[in-house]
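Enquirer: Got a structure for you, questions after.
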Amino acid sequence: MKSVCVVGLGPAGITAVKELREKGFDVTGYDAGKRIGGRWTLDWDISEHGAWEELQFNQARHVNEFSDFPWRKKDYASVKGVKDDRYGYYPHSSEVVHYLQAYADHFDIMDSMVLNTNVLHIEHGQESNANEWIVHTRDTQSNTTSQKTFQYLVVAQGRYRQSHNPLIEPNGNSPLEHYSGTILHASQFKSVGMAKQKRVLVIGSSVSGCDIAGSIARDGEAITVHHSVRHVPYVLNHLTDSGAITDEAMFSRLIIWLTTYLPTLISNKGLQAAIGDEFA
């Protein structure tokens, strides 16, 4: 039986373990966390991972569920640890973790996963074993190290594992060294409570920037919240005025096809009209 190492047990790593086992591979998955789920566990003892206490999915539950395991909100209404009043179409991070755990339990793959384990480094085998991978690990509880050889390797740590803060130079210096306030990268943001009674500037209009700015403005009790962007983003409500799920109403196959082939100016005008964009 051919062996496979999976590094990282977030959504991608969990599904990789499941699919590879079904194909007959001997799979071992490693994660430094105390439980599976990757960034959704909010395990700040492991790393700065870009998720915060109030984080919710910005796409509807049924758009993100695995094709072979339905994500039904009623299954989690009484689960200990899931935040109250978070059982709607856009689940809270605590519910995501329980869904991923339920997925692993349903397909009986937990025995292929090793938690509380850091992957220290990975190297190729030598000479006749050059096509193999030697994986060096450290148990974070006992602090013991070990190594194991695999024939295949899957790296599922996530595309944003390493953060980049343009305001902090590699040597640790900052062009804002005389600034007396706090400078955080989105990966270091833990809760809207960090903004209480502060004047906040959020720079950047990608997903994290928009989510953080919105969360602070809504629940952070900040003095002021400013959002600096290069281009004004299209901010959509989770539900349309008629109560429909935005993912279903505005992102059908037809609309995606039209935005692919129509000139950008026309498709942008259509989106602006649909959301009542005041900048149109």
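Chain labels A, B, ... are given in the sequence in which chains occur in the structure tokens; within each chain residues are numbered consecutively from 1, and ligands are likewise numbered from 1 in the order shown.
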With only C-alpha atoms as the counted atoms, please give the residues lying no more than 12 Å from Asn131 in chain A, apart from itself and same-chain residues fewer than 3 positions off, as an MDAnalysis selection string.
Expert: chainID A and resid 123:128 134 149:153
Enquirer: Fewer than 2 positions away in the same chain doesn't count, so skip those; otherwise give me all residues within 6 Å of Ala32 in chain A, counting only C-alpha atoms, as a ChimeraX atom specification.
Expert: /A:115-118
Enquirer: Please produce an output containing N, CA and C atoms for each residue in the selection, written as a CSV table (one decimal), in the first residue's frame.
Expert:
```
chain,number,residue,atom,x,y,z
A,115,LEU,N,-2.7,14.9,15.7
A,115,LEU,CA,-2.8,16.3,16.2
A,115,LEU,C,-1.7,16.7,17.1
A,116,ASN,N,-1.6,18.0,17.5
A,116,ASN,CA,-0.6,18.4,18.4
A,116,ASN,C,0.8,18.1,17.9
A,117,THR,N,1.0,18.2,16.6
A,117,THR,CA,2.2,17.8,16.0
A,117,THR,C,2.7,18.8,15.0
A,118,ASN,N,3.9,19.4,15.2
A,118,ASN,CA,4.5,20.3,14.2
A,118,ASN,C,5.3,19.5,13.2
```
Enquirer: Can you list every residue in range 20-182 of chain A that DSSP puts in alpha helix (DSSP H), as a list of chain:residue names?
Expert: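 So, restricting range 20-182 of chain A to alpha helix (DSSP H), we get A:Leu20, A:Arg21, A:Glu22, A:Arg61, A:His62, A:Val63, A:Asn64, A:Ser93, A:Ser94, A:Glu95, A:Val96, A:Val97, A:His98, A:Tyr99, A:Leu100, A:Gln101, A:Ala102, A:Tyr103, A:Ala104, A:Asp105, A:His106.
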Enquirer: Please measure the separation of CA of Lys148 in chain A and CA of Val135 in chain A, giving the value in Å to one decimal.
Expert: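 Computing the Euclidean distance for CA of Lys148 in chain A and CA of Val135 in chain A yields 5.4 Å.
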Enquirer: Which of these, A:Trp40, A:Tyr89, A:Tyr261, A:Phe189, has the shortest distance to His62 in chain A once you count only C-alpha atoms?
Expert: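 Smallest distance to His62 in chain A is found for A:Tyr89.
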Enquirer: For Pro166 in chain A, list every protein, DNA or RNA residue within 12 Å, evaluated using only C-alpha atoms, and leave out those in the same chain fewer than 2 positions away; present the list as a PyMOL selection string.
Expert: chain A and resi 163-164+168-170+172-176+183-186+203-204
Enquirer: So how far away is CA of Val6 in chain A from CA of Val154 in chain A, in Å?
Expert: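 Straight-line distance from CA of Val154 in chain A to CA of Val6 in chain A works out to 4.7 Å.
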